[in-house]
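Trainee: One file: model.cif (mmCIF, C-alpha atoms).
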```
data_run
#
loop_
_atom_site.label_atom_id
_atom_site.label_comp_id
_atom_site.auth_asym_id
_atom_site.auth_seq_id
_atom_site.Cartn_x
_atom_site.Cartn_y
_atom_site.Cartn_z
CA TYR A 1 286.32 29.71 -61.04
CA ILE A 2 285.15 32.44 -58.65
CA LYS A 3 284.08 29.94 -56.00
CA GLU A 4 287.42 28.11 -56.32
CA GLU A 5 289.35 31.38 -55.93
CA CYS A 6 287.38 32.16 -52.78
CA GLN A 7 288.20 28.69 -51.45
CA LYS A 8 291.91 29.35 -52.09
CA LEU A 9 291.50 32.37 -49.78
CA GLY A 10 289.97 30.13 -47.12
CA LEU A 11 286.48 31.52 -47.72
CA SER A 12 283.28 29.70 -48.57
CA ALA A 13 281.19 31.14 -51.39
CA ALA A 14 277.72 29.93 -52.31
CA ILE A 15 276.45 29.42 -55.84
CA GLU A 16 272.81 30.10 -56.60
CA SER A 17 271.65 28.70 -59.91
CA PHE A 18 268.65 29.90 -61.87
CA GLU A 19 267.15 29.11 -65.22
CA ILE A 20 267.31 31.58 -68.12
CA LYS A 21 265.73 31.56 -71.55
CA ARG A 22 268.38 31.20 -74.23
CA SER A 23 266.00 32.16 -76.99
CA PRO A 24 263.26 34.80 -76.78
CA LYS A 25 261.31 32.86 -79.39
CA ASP A 26 261.42 29.43 -77.71
CA ALA A 27 260.46 29.34 -74.02
CA SER A 28 261.61 25.73 -73.75
CA ASP A 29 265.17 26.63 -74.82
CA THR A 30 266.69 27.25 -71.39
CA SER A 31 270.00 26.94 -69.62
CA LEU A 32 271.38 27.61 -66.16
CA SER A 33 273.09 30.75 -65.00
CA HIS A 34 274.61 31.40 -61.60
CA ASN A 35 275.19 34.06 -58.98
CA VAL A 36 278.10 33.64 -56.59
CA ILE A 37 277.73 35.03 -53.05
CA LEU A 38 280.44 35.48 -50.47
CA ASP A 39 279.70 36.84 -46.99
CA ILE A 40 282.25 38.32 -44.64
CA LYS A 41 280.55 38.74 -41.28
CA GLY A 42 280.76 42.07 -39.51
CA GLU A 43 279.80 43.19 -36.01
CA SER A 44 276.28 44.23 -37.06
CA GLU A 45 273.60 42.81 -39.32
CA GLU A 46 273.82 45.91 -41.50
CA THR A 47 275.31 44.84 -44.80
CA VAL A 48 277.28 46.58 -47.52
CA ILE A 49 277.01 44.78 -50.84
CA ALA A 50 279.66 45.05 -53.54
CA SER A 51 278.53 43.54 -56.82
CA ALA A 52 279.76 42.94 -60.34
CA HIS A 53 278.71 40.80 -63.26
CA TYR A 54 281.04 38.26 -64.75
CA ASP A 55 279.42 37.65 -68.13
CA SER A 56 280.22 39.46 -71.35
CA VAL A 57 279.00 39.75 -74.92
CA ALA A 58 280.74 38.98 -78.19
CA ALA A 59 281.10 42.64 -79.19
CA SER A 60 282.70 43.58 -75.87
CA HIS A 61 286.17 43.40 -74.44
CA GLY A 62 285.46 40.95 -71.61
CA ALA A 63 288.51 42.15 -69.67
CA TYR A 64 286.77 45.51 -69.25
CA ASP A 65 283.13 44.45 -69.29
CA ASN A 66 283.26 43.04 -66.81
CA MET A 67 286.13 40.93 -65.63
CA SER A 68 287.54 44.17 -64.21
CA GLY A 69 284.71 44.36 -61.67
CA ALA A 70 284.73 40.63 -60.94
CA ILE A 71 288.46 40.68 -60.15
CA ILE A 72 288.07 43.69 -57.85
CA LEU A 73 285.52 41.66 -55.83
CA LEU A 74 288.10 38.89 -55.43
CA TYR A 75 290.60 41.49 -54.27
CA LEU A 76 288.07 42.77 -51.71
CA ALA A 77 287.60 39.21 -50.45
CA GLU A 78 291.33 38.86 -49.98
CA ARG A 79 291.66 42.31 -48.41
CA PHE A 80 288.83 41.97 -45.89
CA LYS A 81 288.84 38.24 -45.07
CA ASN A 82 290.69 38.75 -41.77
CA THR A 83 289.52 42.27 -40.99
CA LYS A 84 287.19 43.10 -38.11
CA LEU A 85 284.34 44.86 -39.91
CA LYS A 86 281.73 47.12 -38.34
CA ARG A 87 279.17 46.02 -40.92
CA SER A 88 278.88 42.76 -42.81
CA LEU A 89 280.20 42.65 -46.36
CA ARG A 90 278.50 40.66 -49.09
CA LEU A 91 280.34 40.18 -52.37
CA LEU A 92 278.00 39.30 -55.22
CA TRP A 93 279.02 38.11 -58.66
CA CYS A 94 276.00 38.12 -60.98
CA GLY A 95 275.49 36.00 -64.06
CA SER A 96 273.41 36.86 -67.13
CA GLU A 97 273.56 40.62 -66.59
CA GLU A 98 274.20 41.34 -70.25
CA ARG A 99 270.88 39.62 -71.03
CA GLY A 100 268.87 42.22 -69.11
CA LEU A 101 270.16 42.24 -65.53
CA ILE A 102 268.75 38.77 -64.99
CA GLY A 103 271.23 37.74 -62.29
CA SER A 104 270.74 40.82 -60.14
CA ARG A 105 266.97 40.65 -60.55
CA LYS A 106 267.01 37.00 -59.50
CA TYR A 107 269.22 37.86 -56.52
CA CYS A 108 266.75 40.55 -55.38
CA GLU A 109 263.84 38.15 -55.82
CA ILE A 110 265.51 35.39 -53.77
CA HIS A 111 266.93 37.70 -51.08
CA GLU A 112 264.08 40.20 -50.72
CA LYS A 113 263.92 39.93 -46.91
CA GLU A 114 267.71 40.12 -46.51
CA LEU A 115 267.81 43.33 -48.53
CA ARG A 116 266.21 45.14 -45.61
CA SER A 117 269.56 44.98 -43.79
CA ALA A 118 271.50 46.20 -46.86
CA ILE A 119 272.53 49.82 -46.41
CA LEU A 120 274.53 50.24 -49.63
CA ASN A 121 275.26 48.48 -52.89
CA ILE A 122 278.38 49.40 -54.83
CA ASN A 123 278.24 47.96 -58.33
CA LEU A 124 281.57 47.65 -60.14
CA ASP A 125 281.37 47.65 -63.91
CA MET A 126 284.01 48.39 -66.57
CA LEU A 127 286.76 49.66 -64.30
CA GLY A 128 289.78 51.03 -66.10
CA SER A 129 287.83 51.21 -69.34
CA ALA A 130 289.61 52.53 -72.41
CA TYR A 131 286.34 53.76 -73.91
CA GLY A 132 286.89 57.42 -73.11
CA LYS A 133 286.24 59.83 -70.28
CA PHE A 134 285.19 58.86 -66.78
CA VAL A 135 281.51 58.01 -66.46
CA PHE A 136 279.64 57.68 -63.18
CA PHE A 137 276.05 56.56 -62.96
CA SER A 138 274.02 56.35 -59.80
CA CYS A 139 270.60 54.83 -59.54
CA THR A 140 269.50 55.79 -56.05
CA ASP A 141 267.33 58.25 -54.16
CA GLU A 142 266.97 61.76 -55.55
CA ALA A 143 269.13 63.46 -52.87
CA SER A 144 272.08 61.15 -53.56
CA LYS A 145 271.58 61.44 -57.30
CA LYS A 146 271.66 65.24 -57.06
CA TYR A 147 274.82 65.12 -54.92
CA PHE A 148 276.66 62.94 -57.47
CA GLU A 149 275.44 65.02 -60.41
CA GLU A 150 276.71 68.20 -58.74
CA TYR A 151 279.99 66.53 -57.84
CA TYR A 152 280.48 65.30 -61.39
CA ASN A 153 279.68 68.73 -62.85
CA VAL A 154 282.19 70.40 -60.52
CA ALA A 155 284.81 67.77 -61.35
CA GLU A 156 284.26 68.37 -65.09
CA GLU A 157 284.95 72.11 -64.70
CA LYS A 158 288.39 71.58 -63.10
#
```
Could you express the structure from this file as C-alpha coordinates?

Mentor:
Amino acid sequence: YIKEECQKLGLSAAIESFEIKRSPKDASDTSLSHNVILDIKGESEETVIASAHYDSVAASHGAYDNMSGAIILLYLAERFKNTKLKRSLRLLWCGSEERGLIGSRKYCEIHEKELRSAILNINLDMLGSAYGKFVFFSCTDEASKKYFEEYYNVAEEK
(Lines of atoms letter the chains of each structure in order from A and count residues from 1; the text may use other names and numbers.)
(Lines give C-alpha, C1' and ligand atoms only; values in the text may rest on other atoms or scores of the structure.)
Protein backbone atom coordinates (compact mmCIF):
# COMPACT_ATOMS: atom_id res chain seq x y z
CA TYR A 1 0.00 0.00 0.00
CA ILE A 2 2.73 2.47 0.97
CA LYS A 3 4.72 1.83 -2.19
CA GLU A 4 1.57 2.25 -4.30
CA GLU A 5 0.74 5.55 -2.59
CA CYS A 6 4.26 6.80 -3.32
CA GLN A 7 3.82 5.79 -6.96
CA LYS A 8 0.57 7.79 -7.11
CA LEU A 9 2.69 10.79 -6.07
CA GLY A 10 5.10 10.08 -8.92
CA LEU A 11 7.77 8.78 -6.55
CA SER A 12 9.59 5.47 -6.54
CA ALA A 13 9.87 3.69 -3.21
CA ALA A 14 11.95 0.57 -2.62
CA ILE A 15 10.87 -2.42 -0.57
CA GLU A 16 13.48 -4.34 1.40
CA SER A 17 12.29 -7.71 2.61
CA PHE A 18 13.76 -9.64 5.51
CA GLU A 19 12.94 -12.83 7.31
CA ILE A 20 11.53 -12.82 10.85
CA LYS A 21 10.83 -15.61 13.30
CA ARG A 22 7.11 -15.96 13.88
CA SER A 23 7.59 -18.17 16.90
CA PRO A 24 10.32 -17.82 19.53
CA LYS A 25 10.10 -21.55 20.14
CA ASP A 26 10.44 -22.72 16.52
CA ALA A 27 13.32 -21.19 14.53
CA SER A 28 11.98 -22.71 11.31
CA ASP A 29 8.65 -20.88 11.65
CA THR A 30 9.48 -17.74 9.68
CA SER A 31 7.79 -15.20 7.47
CA LEU A 32 8.76 -12.08 5.56
CA SER A 33 8.54 -8.53 6.78
CA HIS A 34 9.36 -5.40 4.85
CA ASN A 35 10.81 -1.92 5.15
CA VAL A 36 9.77 0.70 2.62
CA ILE A 37 12.31 3.39 1.68
CA LEU A 38 11.68 6.57 -0.26
CA ASP A 39 14.48 9.01 -1.08
CA ILE A 40 14.00 12.63 -2.05
CA LYS A 41 17.35 13.90 -3.25
CA GLY A 42 18.71 17.13 -1.84
CA GLU A 43 21.66 19.32 -2.79
CA SER A 44 24.05 17.53 -0.42
CA GLU A 45 24.70 13.94 0.59
CA GLU A 46 23.75 14.79 4.17
CA THR A 47 20.50 13.03 4.90
CA VAL A 48 17.62 13.61 7.28
CA ILE A 49 15.66 10.45 7.95
CA ALA A 50 12.03 10.49 9.03
CA SER A 51 10.82 7.07 10.13
CA ALA A 52 7.72 5.34 11.42
CA HIS A 53 6.56 1.78 11.82
CA TYR A 54 3.44 0.54 10.13
CA ASP A 55 2.72 -2.61 12.12
CA SER A 56 0.50 -2.87 15.17
CA VAL A 57 -0.51 -5.35 17.84
CA ALA A 58 -3.91 -6.78 18.71
CA ALA A 59 -4.21 -4.83 21.98
CA SER A 60 -3.45 -1.52 20.28
CA HIS A 61 -5.45 1.01 18.34
CA GLY A 62 -3.64 0.68 15.01
CA ALA A 63 -4.79 4.14 13.93
CA TYR A 64 -2.63 5.60 16.71
CA ASP A 65 0.11 2.99 16.93
CA ASN A 66 1.21 3.58 14.36
CA MET A 67 -0.75 4.41 11.27
CA SER A 68 -0.57 8.01 12.49
CA GLY A 69 3.20 8.09 11.92
CA ALA A 70 3.02 6.15 8.65
CA ILE A 71 0.47 8.58 7.20
CA ILE A 72 2.58 11.59 8.22
CA LEU A 73 5.46 10.12 6.20
CA LEU A 74 3.19 9.94 3.15
CA TYR A 75 2.24 13.56 3.74
CA LEU A 76 5.94 14.49 3.90
CA ALA A 77 6.50 12.70 0.59
CA GLU A 78 3.71 14.71 -0.99
CA ARG A 79 4.88 17.97 0.61
CA PHE A 80 8.55 17.69 -0.36
CA LYS A 81 8.44 15.79 -3.68
CA ASN A 82 8.91 18.96 -5.75
CA THR A 83 10.85 21.02 -3.22
CA LYS A 84 14.50 21.95 -3.66
CA LEU A 85 16.04 20.55 -0.47
CA LYS A 86 19.39 21.51 1.03
CA ARG A 87 19.79 18.00 2.43
CA SER A 88 18.45 14.71 1.16
CA LEU A 89 15.34 13.32 2.81
CA ARG A 90 14.82 9.61 3.39
CA LEU A 91 11.40 8.41 4.45
CA LEU A 92 11.51 5.02 6.12
CA TRP A 93 8.53 2.84 6.98
CA CYS A 94 9.64 -0.06 9.18
CA GLY A 95 7.95 -3.42 9.54
CA SER A 96 8.00 -5.70 12.58
CA GLU A 97 8.78 -2.94 15.07
CA GLU A 98 6.27 -4.22 17.61
CA ARG A 99 8.22 -7.49 17.68
CA GLY A 100 11.35 -5.82 19.07
CA LEU A 101 12.36 -3.09 16.61
CA ILE A 102 13.27 -5.73 14.05
CA GLY A 103 12.66 -3.55 10.99
CA SER A 104 14.76 -0.63 12.19
CA ARG A 105 17.54 -2.95 13.34
CA LYS A 106 17.55 -4.65 9.94
CA TYR A 107 17.60 -1.25 8.22
CA CYS A 108 20.66 -0.20 10.26
CA GLU A 109 22.38 -3.50 9.50
CA ILE A 110 21.79 -3.21 5.75
CA HIS A 111 22.54 0.53 5.51
CA GLU A 112 25.42 0.82 7.98
CA LYS A 113 27.70 2.72 5.57
CA GLU A 114 24.91 5.07 4.43
CA LEU A 115 24.16 6.01 8.03
CA ARG A 116 27.41 7.97 8.11
CA SER A 117 25.72 10.66 5.99
CA ALA A 118 22.60 10.71 8.19
CA ILE A 119 22.58 13.80 10.39
CA LEU A 120 19.20 13.30 12.06
CA ASN A 121 16.46 10.72 12.45
CA ILE A 122 12.99 11.83 13.44
CA ASN A 123 10.87 8.87 14.45
CA LEU A 124 7.11 9.39 14.37
CA ASP A 125 5.10 7.15 16.66
CA MET A 126 1.57 7.50 18.06
CA LEU A 127 0.86 11.04 16.93
CA GLY A 128 -2.40 12.47 18.20
CA SER A 129 -2.65 9.72 20.79
CA ALA A 130 -5.64 9.75 23.11
CA TYR A 131 -3.68 7.97 25.83
CA GLY A 132 -3.10 11.03 27.98
CA LYS A 133 -0.58 13.81 28.31
CA PHE A 134 2.12 14.64 25.80
CA VAL A 135 5.13 12.34 25.98
CA PHE A 136 8.46 13.02 24.31
CA PHE A 137 11.31 10.54 24.31
CA SER A 138 14.72 11.14 22.85
CA CYS A 139 17.39 8.52 22.49
CA THR A 140 20.42 10.53 21.45
CA ASP A 141 23.64 12.02 22.79
CA GLU A 142 23.67 13.27 26.38
CA ALA A 143 23.72 17.00 25.48
CA SER A 144 20.60 16.70 23.32
CA LYS A 145 18.90 14.50 25.89
CA LYS A 146 19.56 17.09 28.61
CA TYR A 147 18.22 19.88 26.39
CA PHE A 148 14.95 18.02 25.73
CA GLU A 149 14.56 17.03 29.38
CA GLU A 150 15.00 20.66 30.45
CA TYR A 151 12.61 21.84 27.75
CA TYR A 152 9.99 19.30 28.79
CA ASN A 153 10.33 20.22 32.47
CA VAL A 154 9.90 23.93 31.67
CA ALA A 155 6.91 23.17 29.44
CA GLU A 156 5.30 21.14 32.26
CA GLU A 157 5.55 24.09 34.67
CA LYS A 158 3.62 26.47 32.37

Trainee: Pick out the residues sitting within 12 Å of Tyr75 of chain A, and hand them over as a PyMOL selection string; count only C-alpha atoms, and ignore anything fewer than 3 positions along from it in its own chain.

Mentor: chain A and resi 2+5-6+9+50+68-72+78-81+91

Trainee: Exactly which residues make up the result of the PyMOL selection byres ((chain A and resi 38) around 8) on this file, given as number ranges by chain?

Mentor: A: 11-14, 36-37, 39-40, 90-92

Trainee: To test your reading of the syntax: which residues would the PyMOL selection byres ((chain A and resi 43-48) around 6) return for the file shown? Reply as a ChimeraX atom specification.

Mentor: /A:42,49,86-89,117-120

Trainee: Using atom CA of His34 of chain A and atom CA of Ile15 of chain A as the two end points, give the distance in Å to one decimal.

Mentor: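 We find that atom CA of His34 of chain A and atom CA of Ile15 of chain A lie 6.4 Å from each other.
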
Trainee: List, as a list in words, every residue that the PyMOL selection byres ((chain A and resi 102) around 12) selects in the file provided.

Mentor: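 Listing what the PyMOL selection byres ((chain A and resi 102) around 12) selects in the shown file: Ser17, Phe18, Glu19, Ile20, Lys21, Arg22, Leu32, Ser33, His34, Asn35, His53, Asp55, Cys94, Gly95, Ser96, Glu97, Glu98, Arg99, Gly100, Leu101, Gly103, Ser104, Arg105, Lys106, Tyr107, Cys108 and Glu109 of chain A.
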
Trainee: One decimal, Å: what's the distance from atom CA of Glu16 of chain A over to atom CA of Ala77 of chain A, could you say?

Mentor: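 Atom-to-atom, atom CA of Glu16 of chain A and atom CA of Ala77 of chain A are spaced 18.4 Å apart.
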
Trainee: Taking 6 positions as the minimum chain separation for residues in the same chain, which residues sit within 7 Å of Ser56 of chain A when counting all atoms listed in the file? Answer as a count of residues only.

Mentor: 4

Trainee: May I ask which of the residues A:Lys84, A:Ser60, A:Leu74, A:Ile122 is the closest one to Gln7 of chain A, counting all atoms listed in the file?

Mentor: A:Leu74

Trainee: By how many Å are atom CA of Lys41 of chain A and atom CA of Thr83 of chain A apart?

Mentor: 9.6 Å

Trainee: With distances taken over only C-alpha atoms, which of A:Glu150, A:Lys3, A:Ser28, A:Ala52 is nearest to Met126 of chain A?

Mentor: A:Ala52
